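Asks: coords-v6.cif is reproduced below (mmCIF, C-alpha atoms and all ligand atoms).
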```cif
data_work
#
loop_
_atom_site.label_atom_id
_atom_site.label_comp_id
_atom_site.auth_asym_id
_atom_site.auth_seq_id
_atom_site.Cartn_x
_atom_site.Cartn_y
_atom_site.Cartn_z
CA MET A 1 25.40 -42.94 29.58
CA LYS A 2 21.81 -42.90 30.77
CA ASN A 3 22.27 -39.33 32.05
CA GLU A 4 23.56 -38.20 28.66
CA LYS A 5 20.48 -39.58 26.91
CA THR A 6 18.16 -37.78 29.36
CA VAL A 7 20.02 -34.48 28.78
CA LYS A 8 19.67 -34.93 24.99
CA ILE A 9 15.94 -35.58 25.28
CA ILE A 10 15.46 -32.54 27.52
CA LEU A 11 17.47 -30.30 25.17
CA GLY A 12 15.47 -31.62 22.19
CA LEU A 13 12.21 -30.83 23.95
CA VAL A 14 13.41 -27.33 24.90
CA PHE A 15 14.44 -26.73 21.28
CA ALA A 16 11.03 -27.89 20.01
CA ALA A 17 9.27 -25.65 22.57
CA VAL A 18 11.29 -22.60 21.50
CA LEU A 19 10.63 -23.40 17.82
CA LEU A 20 6.88 -23.69 18.43
CA ALA A 21 6.66 -20.59 20.65
CA GLY A 22 8.56 -18.52 18.07
CA GLY A 23 7.16 -20.05 14.89
CA LEU A 24 3.47 -20.47 15.68
CA PRO A 25 2.65 -16.72 15.92
CA LEU A 26 4.44 -16.19 12.58
CA TRP A 27 2.56 -19.09 10.98
CA LYS A 28 -0.76 -17.64 12.25
CA HIS A 29 0.21 -14.15 11.01
CA ARG A 30 0.95 -15.54 7.55
CA HIS A 31 -2.35 -17.42 7.41
CA TYR A 32 -4.55 -14.70 8.96
CA ARG A 33 -7.49 -13.85 6.70
CA MET A 34 -8.96 -10.37 7.02
CA PRO A 35 -12.53 -10.12 5.73
CA VAL A 36 -13.34 -7.36 3.24
CA VAL A 37 -16.96 -6.71 2.30
CA ALA A 38 -17.50 -5.90 -1.37
CA GLY A 39 -19.64 -2.77 -1.08
CA PRO A 40 -22.51 -1.55 -3.31
CA GLY A 41 -20.11 -0.36 -6.03
CA VAL A 42 -18.14 -3.59 -6.57
CA THR A 43 -19.14 -5.34 -9.80
CA ARG A 44 -16.36 -7.93 -10.20
CA VAL A 45 -13.31 -9.32 -8.40
CA PHE A 46 -10.48 -11.11 -10.20
CA ARG A 47 -6.85 -12.02 -9.60
CA LEU A 48 -3.70 -10.92 -11.42
CA SER A 49 -3.19 -14.51 -12.68
CA GLU A 50 -5.99 -13.79 -15.19
CA ILE A 51 -3.36 -11.58 -16.86
CA VAL A 52 -0.12 -13.44 -16.01
CA PRO A 53 -1.10 -17.13 -15.60
CA SER A 54 2.21 -18.10 -13.95
CA LEU A 55 1.11 -16.16 -10.82
CA LYS A 56 -1.66 -18.72 -10.23
CA ASP A 57 -1.52 -20.57 -6.88
CA SER A 58 1.20 -18.25 -5.56
CA VAL A 59 0.72 -15.94 -2.58
CA ALA A 60 1.57 -13.05 -4.93
CA ASP A 61 -1.61 -13.63 -6.97
CA THR A 62 -3.45 -10.66 -5.48
CA LYS A 63 -7.06 -9.54 -5.97
CA VAL A 64 -8.34 -6.72 -8.14
CA TYR A 65 -11.74 -5.24 -7.18
CA VAL A 66 -13.60 -3.64 -10.07
CA LEU A 67 -16.22 -0.91 -9.61
CA ASP A 68 -18.01 -0.27 -12.91
CA GLY A 69 -19.77 3.05 -13.13
CA ARG A 70 -23.42 3.72 -13.93
CA GLU A 71 -22.23 5.42 -17.12
CA PRO A 72 -18.97 4.95 -19.06
CA GLY A 73 -16.13 7.43 -18.62
CA GLY A 74 -12.47 7.34 -17.63
CA LYS A 75 -10.65 4.53 -15.82
CA ALA A 76 -8.47 4.66 -12.72
CA LEU A 77 -6.41 2.13 -10.78
CA VAL A 78 -5.85 2.58 -7.02
CA MET A 79 -3.03 0.50 -5.52
CA ALA A 80 -2.21 0.07 -1.82
CA GLY A 81 0.12 -2.26 0.03
CA THR A 82 3.02 -1.86 -2.39
CA HIS A 83 4.88 -1.47 0.91
CA ALA A 84 2.84 -3.44 3.45
CA ASN A 85 4.47 -1.65 6.41
CA GLU A 86 2.76 1.61 5.32
CA PRO A 87 -0.83 0.56 6.09
CA ALA A 88 -2.79 3.84 5.71
CA GLY A 89 -3.09 3.00 2.00
CA LEU A 90 -4.53 -0.45 2.73
CA LEU A 91 -7.15 1.06 5.06
CA THR A 92 -8.03 3.70 2.44
CA ALA A 93 -8.37 1.06 -0.29
CA ILE A 94 -10.68 -1.05 1.90
CA LEU A 95 -12.75 2.01 2.78
CA MET A 96 -13.20 2.59 -0.98
CA ILE A 97 -14.06 -1.07 -1.74
CA GLU A 98 -16.67 -1.10 1.04
CA ASN A 99 -18.21 2.35 0.37
CA ALA A 100 -17.49 3.80 -3.08
CA VAL A 101 -20.10 3.96 -5.81
CA VAL A 102 -18.86 4.98 -9.24
CA GLU A 103 -21.22 7.37 -11.02
CA LYS A 104 -19.09 7.66 -14.16
CA GLY A 105 -16.08 5.65 -15.35
CA THR A 106 -14.47 2.55 -13.85
CA LEU A 107 -12.35 2.11 -10.76
CA PHE A 108 -9.94 -0.80 -10.22
CA ILE A 109 -8.64 -1.26 -6.65
CA ILE A 110 -5.76 -3.52 -5.55
CA PRO A 111 -5.60 -3.31 -1.72
CA SER A 112 -2.69 -5.75 -1.14
CA PHE A 113 -0.43 -5.02 -4.10
CA ASN A 114 2.49 -6.98 -2.64
CA ALA A 115 0.47 -9.78 -1.05
CA SER A 116 3.65 -11.60 -0.01
CA ALA A 117 4.98 -8.51 1.84
CA ALA A 118 1.60 -8.35 3.62
CA ARG A 119 2.47 -11.76 5.13
CA ASN A 120 6.04 -10.80 6.04
CA THR A 121 7.35 -9.00 9.15
CA LYS A 122 10.50 -7.40 10.56
CA PRO A 123 11.38 -8.96 13.92
CA GLY A 124 14.64 -6.99 14.13
CA ASP A 125 12.66 -3.75 14.26
CA GLY A 126 10.12 -5.20 16.69
CA TYR A 127 7.14 -4.77 14.35
CA PRO A 128 3.78 -5.64 15.91
CA LEU A 129 2.11 -8.48 13.98
CA TYR A 130 -1.38 -6.90 14.00
CA PHE A 131 -3.20 -3.71 14.86
CA ASP A 132 -6.87 -3.15 15.65
CA ILE A 133 -9.09 -0.33 14.41
CA PRO A 134 -12.16 0.37 16.57
CA THR A 135 -15.53 0.27 14.79
CA ALA A 136 -19.16 0.48 15.95
CA TRP A 137 -19.37 -3.35 15.72
CA GLY A 138 -16.05 -4.19 17.44
CA ALA A 139 -12.37 -4.10 16.54
CA LYS A 140 -11.32 -4.77 12.94
CA ARG A 141 -7.97 -6.54 12.98
CA PHE A 142 -5.35 -5.76 10.33
CA ARG A 143 -2.13 -7.64 9.69
CA MET A 144 1.02 -5.51 9.77
CA GLY A 145 3.30 -6.40 6.88
CA ASN A 146 6.81 -5.53 5.71
CA ARG A 147 8.36 -3.44 2.94
CA ASP A 148 9.54 -6.41 0.87
CA ALA A 149 8.08 -9.73 -0.26
CA SER A 150 8.84 -12.70 1.97
CA PRO A 151 11.84 -14.89 1.02
CA LEU A 152 9.36 -17.79 1.34
CA GLU A 153 7.92 -16.61 -1.99
CA GLN A 154 11.03 -15.37 -3.79
CA TRP A 155 14.45 -16.78 -3.05
CA PRO A 156 17.46 -16.59 -3.36
CA ASP A 157 18.25 -12.88 -3.69
CA PRO A 158 20.93 -11.86 -6.19
CA ASP A 159 24.11 -10.05 -4.99
CA VAL A 160 22.89 -7.02 -6.91
CA TYR A 161 19.46 -6.52 -8.49
CA ILE A 162 19.88 -5.60 -12.15
CA HIS A 163 16.75 -3.66 -13.04
CA TYR A 164 14.87 -4.76 -16.14
CA PRO A 165 15.03 -3.32 -18.78
CA ASP A 166 17.34 -0.41 -17.85
CA LYS A 167 20.11 -2.53 -16.28
CA GLN A 168 20.47 -0.02 -13.44
CA LEU A 169 22.15 -1.67 -10.43
CA LEU A 170 19.89 -1.67 -7.38
CA SER A 171 20.21 -3.14 -3.89
CA TYR A 172 19.80 -6.93 -3.71
CA LEU A 173 16.70 -6.42 -1.52
CA ASP A 174 14.93 -4.43 -4.22
CA VAL A 175 14.29 -7.61 -6.20
CA ARG A 176 11.54 -8.21 -3.59
CA ASN A 177 10.39 -4.55 -3.45
CA THR A 178 7.41 -3.96 -5.78
CA ASN A 179 8.30 -0.29 -5.98
CA ARG A 180 11.57 -1.17 -7.76
CA THR A 181 10.42 -3.99 -10.05
CA TRP A 182 8.32 -1.87 -12.45
CA PRO A 183 7.66 -2.29 -15.38
CA GLY A 184 8.49 -5.98 -14.85
CA ARG A 185 8.37 -8.90 -17.29
CA PRO A 186 6.11 -11.97 -17.62
CA ASP A 187 8.92 -14.48 -16.98
CA GLY A 188 11.03 -12.52 -14.44
CA PRO A 189 11.29 -12.98 -10.67
CA LEU A 190 7.87 -13.23 -8.96
CA MET A 191 7.65 -9.52 -8.01
CA GLU A 192 8.47 -8.48 -11.60
CA ARG A 193 5.54 -10.64 -12.72
CA VAL A 194 3.24 -8.81 -10.27
CA THR A 195 4.22 -5.37 -11.61
CA PHE A 196 4.09 -6.65 -15.20
CA ALA A 197 0.52 -7.90 -14.63
CA ALA A 198 -0.47 -4.45 -13.33
CA MET A 199 1.22 -2.80 -16.36
CA GLU A 200 -0.74 -5.10 -18.68
CA LEU A 201 -3.97 -4.27 -16.84
CA MET A 202 -3.32 -0.55 -17.40
CA ARG A 203 -2.37 -1.03 -21.07
CA ASN A 204 -5.21 -3.47 -21.91
CA GLU A 205 -7.92 -1.48 -20.12
CA LYS A 206 -6.52 1.88 -21.31
CA ILE A 207 -6.49 3.20 -17.74
CA GLN A 208 -5.89 6.97 -17.53
CA ILE A 209 -4.87 7.38 -13.88
CA ALA A 210 -2.89 5.19 -11.47
CA ILE A 211 -2.64 6.08 -7.79
CA ASP A 212 -0.04 4.26 -5.64
CA MET A 213 -0.57 4.97 -1.92
CA HIS A 214 2.44 4.98 0.43
CA GLY A 215 3.73 6.34 3.72
CA ALA A 216 7.14 7.92 4.34
CA GLU A 217 9.22 8.92 7.36
CA THR A 218 8.88 12.47 8.71
CA MET A 219 12.70 12.76 8.46
CA PHE A 220 12.72 11.81 4.76
CA PRO A 221 12.45 14.74 2.31
CA VAL A 222 10.05 12.94 -0.05
CA THR A 223 7.13 12.84 2.39
CA ASN A 224 3.69 14.43 2.65
CA CYS A 225 3.63 14.81 -1.12
CA ILE A 226 2.43 13.65 -4.52
CA VAL A 227 5.22 12.24 -6.72
CA ALA A 228 4.42 12.56 -10.42
CA PRO A 229 6.28 12.48 -13.76
CA GLU A 230 6.22 15.39 -16.23
CA LYS A 231 2.98 14.41 -17.98
CA ALA A 232 1.01 14.18 -14.71
CA ALA A 233 2.63 17.15 -12.96
CA ARG A 234 -0.01 19.72 -13.90
CA ILE A 235 -2.93 17.72 -12.45
CA ALA A 236 -0.82 16.90 -9.37
CA THR A 237 -0.06 20.59 -8.81
CA ILE A 238 -3.69 21.71 -9.12
CA ALA A 239 -4.78 18.87 -6.78
CA SER A 240 -2.08 19.86 -4.27
CA MET A 241 -3.08 23.55 -4.33
CA THR A 242 -6.79 22.72 -4.05
CA VAL A 243 -6.49 20.46 -0.98
CA LYS A 244 -4.30 23.10 0.67
CA ALA A 245 -6.82 25.89 -0.03
CA MET A 246 -10.04 23.93 0.59
CA GLU A 247 -9.04 21.37 3.22
CA GLY A 248 -6.05 23.00 4.91
CA PHE A 249 -3.38 20.33 4.64
CA ASP A 250 -0.05 20.46 2.83
CA ASN A 251 0.79 17.94 0.12
CA HIS A 252 3.47 19.36 -2.16
CA VAL A 253 4.44 17.93 -5.56
CA GLU A 254 7.75 16.15 -6.10
CA PRO A 255 8.93 15.49 -9.67
CA SER A 256 9.58 11.83 -10.48
CA PRO A 257 13.36 11.56 -11.15
CA ALA A 258 13.99 10.29 -14.69
CA ASN A 259 17.20 8.46 -13.75
CA PHE A 260 15.94 6.45 -10.79
CA ARG A 261 14.42 3.30 -12.24
CA GLY A 262 11.89 0.75 -11.14
CA LEU A 263 9.45 3.06 -9.33
CA SER A 264 5.73 3.17 -10.15
CA HIS A 265 5.68 6.96 -10.67
CA ARG A 266 8.42 6.60 -13.31
CA GLU A 267 7.86 3.32 -15.15
CA ILE A 268 4.03 3.38 -15.39
CA GLY A 269 4.30 6.72 -17.16
CA ASP A 270 7.14 5.58 -19.42
CA TYR A 271 5.68 2.18 -20.37
CA SER A 272 1.98 3.03 -20.80
CA GLU A 273 -0.38 5.89 -21.59
CA THR A 274 -1.41 5.96 -17.89
CA TRP A 275 -0.57 8.95 -15.69
CA PRO A 276 0.90 7.75 -12.37
CA PHE A 277 0.70 9.54 -9.02
CA LEU A 278 2.45 8.20 -5.91
CA LEU A 279 0.98 9.56 -2.66
CA GLU A 280 3.20 9.80 0.44
CA ALA A 281 1.58 10.42 3.84
CA PRO A 282 3.91 10.89 6.84
CA ILE A 283 4.26 7.77 9.03
CA PRO A 284 6.22 8.48 12.24
CA PHE A 285 6.28 4.73 13.04
CA LEU A 286 8.91 4.23 10.29
CA ASP A 287 11.28 6.95 11.48
CA GLN A 288 14.46 5.61 13.04
CA PRO A 289 14.81 7.76 16.19
CA THR A 290 11.51 6.87 17.90
CA GLY A 291 10.51 4.99 21.02
CA PRO A 292 9.36 1.34 20.76
CA LYS A 293 7.50 0.36 17.58
CA THR A 294 4.14 -0.10 19.26
CA VAL A 295 0.63 -0.35 17.83
CA LYS A 296 -0.08 2.96 19.57
CA LEU A 297 2.74 4.68 17.66
CA MET A 298 1.46 3.12 14.42
CA LEU A 299 -2.03 4.50 15.05
CA ASP A 300 -1.48 7.93 16.66
CA GLY A 301 1.98 8.81 15.31
CA LYS A 302 2.88 10.52 18.60
CA ASP A 303 6.52 10.25 19.65
CA PRO A 304 8.52 12.37 22.13
CA PHE A 305 11.82 11.96 20.26
CA LEU A 306 10.32 13.19 16.99
CA LEU A 307 8.75 16.07 18.89
CA SER A 308 12.14 17.23 20.16
CA LEU A 309 13.60 16.81 16.64
CA ALA A 310 10.71 18.89 15.25
CA LYS A 311 11.64 21.70 17.64
CA LYS A 312 15.20 21.54 16.21
CA LYS A 313 13.69 21.72 12.69
CA LYS A 314 15.01 18.28 11.69
CA LEU A 315 11.71 17.01 10.23
CA PHE A 316 10.31 17.61 6.77
CA VAL A 317 6.69 17.96 7.99
CA PRO A 318 4.99 20.11 10.61
CA TYR A 319 4.90 18.03 13.81
CA ASP A 320 3.43 18.76 17.26
CA GLU A 321 1.80 16.99 20.24
CA GLU A 322 -1.05 15.91 17.90
CA GLY A 323 1.31 13.44 16.16
CA TRP A 324 0.24 12.13 12.76
CA SER A 325 -2.68 9.75 13.19
CA MET A 326 -3.88 6.96 10.92
CA ASP A 327 -7.09 8.96 10.38
CA LYS A 328 -5.12 11.97 9.12
CA ARG A 329 -3.00 9.80 6.84
CA ALA A 330 -5.98 7.92 5.38
CA GLY A 331 -7.93 11.20 5.07
CA GLN A 332 -5.10 12.74 3.07
CA HIS A 333 -5.11 9.70 0.78
CA THR A 334 -8.88 9.89 0.06
CA SER A 335 -8.89 13.66 -0.42
CA VAL A 336 -5.87 13.74 -2.73
CA THR A 337 -7.19 10.77 -4.74
CA LEU A 338 -10.65 12.33 -5.13
CA GLU A 339 -9.08 15.68 -6.04
CA ILE A 340 -6.88 14.12 -8.74
CA PHE A 341 -9.99 12.43 -10.21
CA LYS A 342 -11.91 15.72 -10.04
CA GLN A 343 -9.22 17.79 -11.71
CA TYR A 344 -8.68 15.17 -14.42
CA SER A 345 -12.46 15.00 -15.04
CA LYS A 346 -12.62 18.80 -15.38
CA LYS A 347 -9.93 18.73 -18.05
CA TYR A 348 -11.27 15.65 -19.88
CA PRO A 349 -15.08 15.58 -19.33
CA ASP A 350 -15.59 12.59 -21.68
CA MET A 351 -13.08 10.60 -19.63
CA ALA A 352 -14.44 11.73 -16.26
CA ILE A 353 -14.17 9.52 -13.16
CA LYS A 354 -16.87 10.40 -10.63
CA LEU A 355 -17.36 8.65 -7.28
CA SER A 356 -19.73 9.01 -4.39
CA GLY A 357 -19.66 7.50 -0.91
CA VAL A 358 -15.97 8.19 -0.18
CA PRO A 359 -15.39 10.59 2.75
CA ARG A 360 -12.71 13.26 2.58
CA TYR A 361 -10.01 14.34 5.05
CA ALA A 362 -12.09 16.34 7.58
CA GLU A 363 -14.81 13.68 7.79
CA ILE A 364 -12.35 10.83 8.40
CA VAL A 365 -10.45 12.85 11.04
CA LYS A 366 -13.76 13.66 12.76
CA ASN A 367 -15.44 10.24 12.58
CA GLY A 368 -12.41 7.90 12.62
CA ILE A 369 -11.70 5.55 9.71
CA GLY A 370 -13.20 2.63 11.66
CA SER A 371 -16.68 4.16 11.28
CA TYR A 372 -16.55 3.40 7.53
CA PHE A 373 -15.74 -0.32 7.74
CA LEU A 374 -18.63 -2.73 7.15
CA ASP A 375 -19.48 -5.54 9.58
CA PRO A 376 -18.77 -8.86 7.81
CA ALA A 377 -21.19 -10.60 10.22
CA LYS A 378 -24.04 -8.57 8.70
CA ALA A 379 -22.93 -8.94 5.08
CA GLU A 380 -24.12 -11.50 2.57
CA PRO A 381 -21.55 -14.33 2.51
CA LYS A 382 -21.06 -14.04 -1.26
CA THR A 383 -19.89 -10.41 -0.84
CA ILE A 384 -17.09 -11.32 1.58
CA TYR A 385 -13.51 -11.61 0.34
CA TYR A 386 -10.31 -12.13 2.32
CA GLU A 387 -7.04 -10.21 2.18
ZN ZN B 1 6.39 3.10 0.34
#
```
Transcribe the structure of this file into structure tokens.
Replies:
Amino acid sequence: MKNEKTVKIILGLVFAAVLLAGGLPLWKHRHYRMPVVAGPGVTRVFRLSEIVPSLKDSVADTKVYVLDGREPGGKALVMAGTHANEPAGLLTAILMIENAVVEKGTLFIIPSFNASAARNTKPGDGYPLYFDIPTAWGAKRFRMGNRDASPLEQWPDPDVYIHYPDKQLLSYLDVRNTNRTWPGRPDGPLMERVTFAAMELMRNEKIQIAIDMHGAETMFPVTNCIVAPEKAARIATIASMTVKAMEGFDNHVEPSPANFRGLSHREIGDYSETWPFLLEAPIPFLDQPTGPKTVKLMLDGKDPFLLSLAKKKKLFVPYDEEGWSMDKRAGQHTSVTLEIFKQYSKKYPDMAIKLSGVPRYAEIVKNGIGSYFLDPAKAEPKTIYYE
């Protein structure tokens, strides 16, 4: 009898130890706060709950950084972190918040669009919880997120997600995927409220251009491209041709399919006057046939299995020993974004959006994206925000 009690106590302690060892890193990951310094161009920061009050006090209530220009002009929204496991967009958005100055027009930036997905992970795929980017003042630590919002924020999932308002049947998981819940509704599931708040922002502010930054597998056909609906296709095409001619990288245009619902590049265009552009930069880390999902693979995009597949012409992007680094991916995002603004401004000079302080592809590849991040230790406390 006494022996049995001792065994139970020991087993209980072992269970508690396993629970702590497994749970504590996840708890810390969820509560990690990454400092972002509001740069010289930031004039205001607010949260989406200003638009949809029911988001208040939820993890999904993400921040919007506003950069008002020196003179009025057009308006653009830049979104990153729709899929928090495609982090080149997040790094690009933070680079813009910390460095961009708007000469004409207004820029809205949402770096962690799905803030719940930013706090989620994928243990089954062995995702690292963090990755570090070297800077002149030390390593800047980023949290690696997941594609979908955490069930801690939105649960239970339905058997099938019935898209609103088109009633198209989507995978149950897509109810937590903020690139399937557009245009959303104010009283729908949490992720629909996030996309609805962004729709309202675009409609209320009369935003002309929305950029949604993503990453896609090298084995997926819709990669290394700009996805745009009919009304935005012309600007997308000129931007694509210009970066190819002037900066030497490919970024073809993919038409937004009219029958595939819930995606930003479809619904933003259909439910507002805004022209949406979804940018895909290749991210070898997300391909299935790679080695271990390490931080190194996330940052340099070099993988021997993809290299052998490239030689058999199985990839949809050029791929060699150089891999596909974070700097290249972020550089493509800044260059394509700036080029879309430039081409739009040429066509509509009164509605121009002009920025300075944002480096383009070649500069980021040469200097490394870390060289553009500001040191929070040297910033004024009131300019520091946390993502
Ligand atoms: Zn994505």
Asks: Collect all residues with atoms no farther than 6 Å from ligand ZN 1 (chain B), counting all atoms listed in the file, and output them as a PyMOL selection string.
Replies: chain A and resi 83+214-215
Asks: May I have the residues within 9 Å of stretch 231-246 of chain A as a list in words, using only C-alpha atoms and disregarding those fewer than 3 positions away in the same chain?
Replies: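 Returned residues: Cys225, Ile226, Val227, Ala228, Phe249, Asp250, Asn251, His252, Val253, Glu254, Pro255, Gly269, Trp275, Pro276, Phe277, Gln332, Ser335, Val336, Thr337, Leu338, Glu339, Ile340, Phe341, Lys342, Gln343 and Tyr344 of chain A.
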Asks: Between A:Leu263, A:Ala118, A:Met202, A:Leu24, which is the closest to A:Glu86 once you count all atoms listed in the file?
Replies: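 Once distances to A:Glu86 are computed over all atoms listed in the file, the minimum belongs to A:Ala118.
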Asks: Which one is closest to A:Tyr386: A:Val78, A:Val160, A:Ala17, A:Ile94? Count all atoms listed in the file.
Replies: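 Closest to A:Tyr386, using all atoms listed in the file: A:Ile94.
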Asks: Quick one: residues within 10 Å of A:Asn204, all atoms listed in the file counted, chain neighbours fewer than 6 positions away excluded, as a list of chain:residue names?
Replies: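 With the cut-off at 10 Å, the set is A:Ile51, A:Ala198, A:Ser272.
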Asks: Print the selection's residues with C-alpha atoms to a file, as an mmCIF file, in the frame of the given file.
Replies:
```
data_model
loop_
_atom_site.group_PDB
_atom_site.id
_atom_site.type_symbol
_atom_site.label_atom_id
_atom_site.label_comp_id
_atom_site.auth_asym_id
_atom_site.auth_seq_id
_atom_site.Cartn_x
_atom_site.Cartn_y
_atom_site.Cartn_z
ATOM 1 C CA ILE A 51 -3.360 -11.580 -16.860
ATOM 2 C CA ALA A 198 -0.470 -4.450 -13.330
ATOM 3 C CA SER A 272 1.980 3.030 -20.800
#
```
Asks: Counting all atoms listed in the file, which residue out of A:Leu107, A:Ala84, A:Leu315, A:Leu173 sits closest to A:Gly69?
Replies: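 Ranked by minimum distance to A:Gly69, first place goes to A:Leu107.
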Asks: Just give me the gap between atom CA of A:Arg30 and atom CA of A:Arg119 in Å, one decimal is fine.
Replies: 4.7 Å
Asks: Would it be fine to have stretch 98-105 of chain A, with all heavy atoms, given as a PDB file, in the first residue's frame?
Replies:
```pdb
ATOM      1  N   GLU A  98      10.186  51.517 -39.237  1.00  0.00           N
ATOM      2  CA  GLU A  98      11.348  52.130 -38.582  1.00  0.00           C
ATOM      3  C   GLU A  98      12.089  53.130 -39.479  1.00  0.00           C
ATOM      4  O   GLU A  98      12.869  53.948 -38.985  1.00  0.00           O
ATOM      5  CB  GLU A  98      12.299  51.022 -38.076  1.00  0.00           C
ATOM      6  CG  GLU A  98      11.628  50.144 -36.996  1.00  0.00           C
ATOM      7  CD  GLU A  98      12.577  49.236 -36.231  1.00  0.00           C
ATOM      8  OE1 GLU A  98      13.680  48.970 -36.729  1.00  0.00           O
ATOM      9  OE2 GLU A  98      12.186  48.799 -35.122  1.00  0.00           O
ATOM     10  N   ASN A  99      11.880  53.063 -40.809  1.00  0.00           N
ATOM     11  CA  ASN A  99      12.689  53.894 -41.717  1.00  0.00           C
ATOM     12  C   ASN A  99      11.921  54.805 -42.670  1.00  0.00           C
ATOM     13  O   ASN A  99      12.470  55.807 -43.121  1.00  0.00           O
ATOM     14  CB  ASN A  99      13.585  52.988 -42.584  1.00  0.00           C
ATOM     15  CG  ASN A  99      14.600  52.220 -41.754  1.00  0.00           C
ATOM     16  OD1 ASN A  99      15.652  52.738 -41.428  1.00  0.00           O
ATOM     17  ND2 ASN A  99      14.265  50.993 -41.390  1.00  0.00           N
ATOM     18  N   ALA A 100      10.695  54.432 -43.033  1.00  0.00           N
ATOM     19  CA  ALA A 100      10.018  55.163 -44.115  1.00  0.00           C
ATOM     20  C   ALA A 100       9.598  56.563 -43.684  1.00  0.00           C
ATOM     21  O   ALA A 100       9.183  56.789 -42.552  1.00  0.00           O
ATOM     22  CB  ALA A 100       8.788  54.386 -44.580  1.00  0.00           C
ATOM     23  N   VAL A 101       9.726  57.501 -44.610  1.00  0.00           N
ATOM     24  CA  VAL A 101       9.161  58.833 -44.454  1.00  0.00           C
ATOM     25  C   VAL A 101       8.278  59.048 -45.672  1.00  0.00           C
ATOM     26  O   VAL A 101       8.694  58.786 -46.799  1.00  0.00           O
ATOM     27  CB  VAL A 101      10.277  59.910 -44.379  1.00  0.00           C
ATOM     28  CG1 VAL A 101       9.676  61.303 -44.408  1.00  0.00           C
ATOM     29  CG2 VAL A 101      11.120  59.713 -43.120  1.00  0.00           C
ATOM     30  N   VAL A 102       7.030  59.464 -45.431  1.00  0.00           N
ATOM     31  CA  VAL A 102       6.104  59.647 -46.547  1.00  0.00           C
ATOM     32  C   VAL A 102       6.168  61.108 -46.991  1.00  0.00           C
ATOM     33  O   VAL A 102       5.913  62.019 -46.201  1.00  0.00           O
ATOM     34  CB  VAL A 102       4.665  59.238 -46.150  1.00  0.00           C
ATOM     35  CG1 VAL A 102       3.718  59.402 -47.338  1.00  0.00           C
ATOM     36  CG2 VAL A 102       4.648  57.784 -45.676  1.00  0.00           C
ATOM     37  N   GLU A 103       6.544  61.301 -48.245  1.00  0.00           N
ATOM     38  CA  GLU A 103       6.620  62.668 -48.795  1.00  0.00           C
ATOM     39  C   GLU A 103       5.232  63.124 -49.236  1.00  0.00           C
ATOM     40  O   GLU A 103       4.874  64.278 -49.070  1.00  0.00           O
ATOM     41  CB  GLU A 103       7.576  62.701 -50.009  1.00  0.00           C
ATOM     42  CG  GLU A 103       8.941  62.045 -49.794  1.00  0.00           C
ATOM     43  CD  GLU A 103       9.820  62.818 -48.825  1.00  0.00           C
ATOM     44  OE1 GLU A 103       9.487  63.980 -48.536  1.00  0.00           O
ATOM     45  OE2 GLU A 103      10.818  62.240 -48.342  1.00  0.00           O
ATOM     46  N   LYS A 104       4.475  62.200 -49.801  1.00  0.00           N
ATOM     47  CA  LYS A 104       3.127  62.545 -50.301  1.00  0.00           C
ATOM     48  C   LYS A 104       2.197  61.359 -50.066  1.00  0.00           C
ATOM     49  O   LYS A 104       2.577  60.216 -50.324  1.00  0.00           O
ATOM     50  CB  LYS A 104       3.231  62.866 -51.791  1.00  0.00           C
ATOM     51  CG  LYS A 104       1.965  63.432 -52.421  1.00  0.00           C
ATOM     52  CD  LYS A 104       2.245  63.886 -53.848  1.00  0.00           C
ATOM     53  CE  LYS A 104       0.979  64.114 -54.659  1.00  0.00           C
ATOM     54  NZ  LYS A 104       0.222  65.314 -54.292  1.00  0.00           N
ATOM     55  N   GLY A 105       0.994  61.634 -49.556  1.00  0.00           N
ATOM     56  CA  GLY A 105       0.028  60.567 -49.312  1.00  0.00           C
ATOM     57  C   GLY A 105       0.106  60.043 -47.889  1.00  0.00           C
ATOM     58  O   GLY A 105       0.735  60.658 -47.021  1.00  0.00           O
TER      59      GLY A 105
END
```
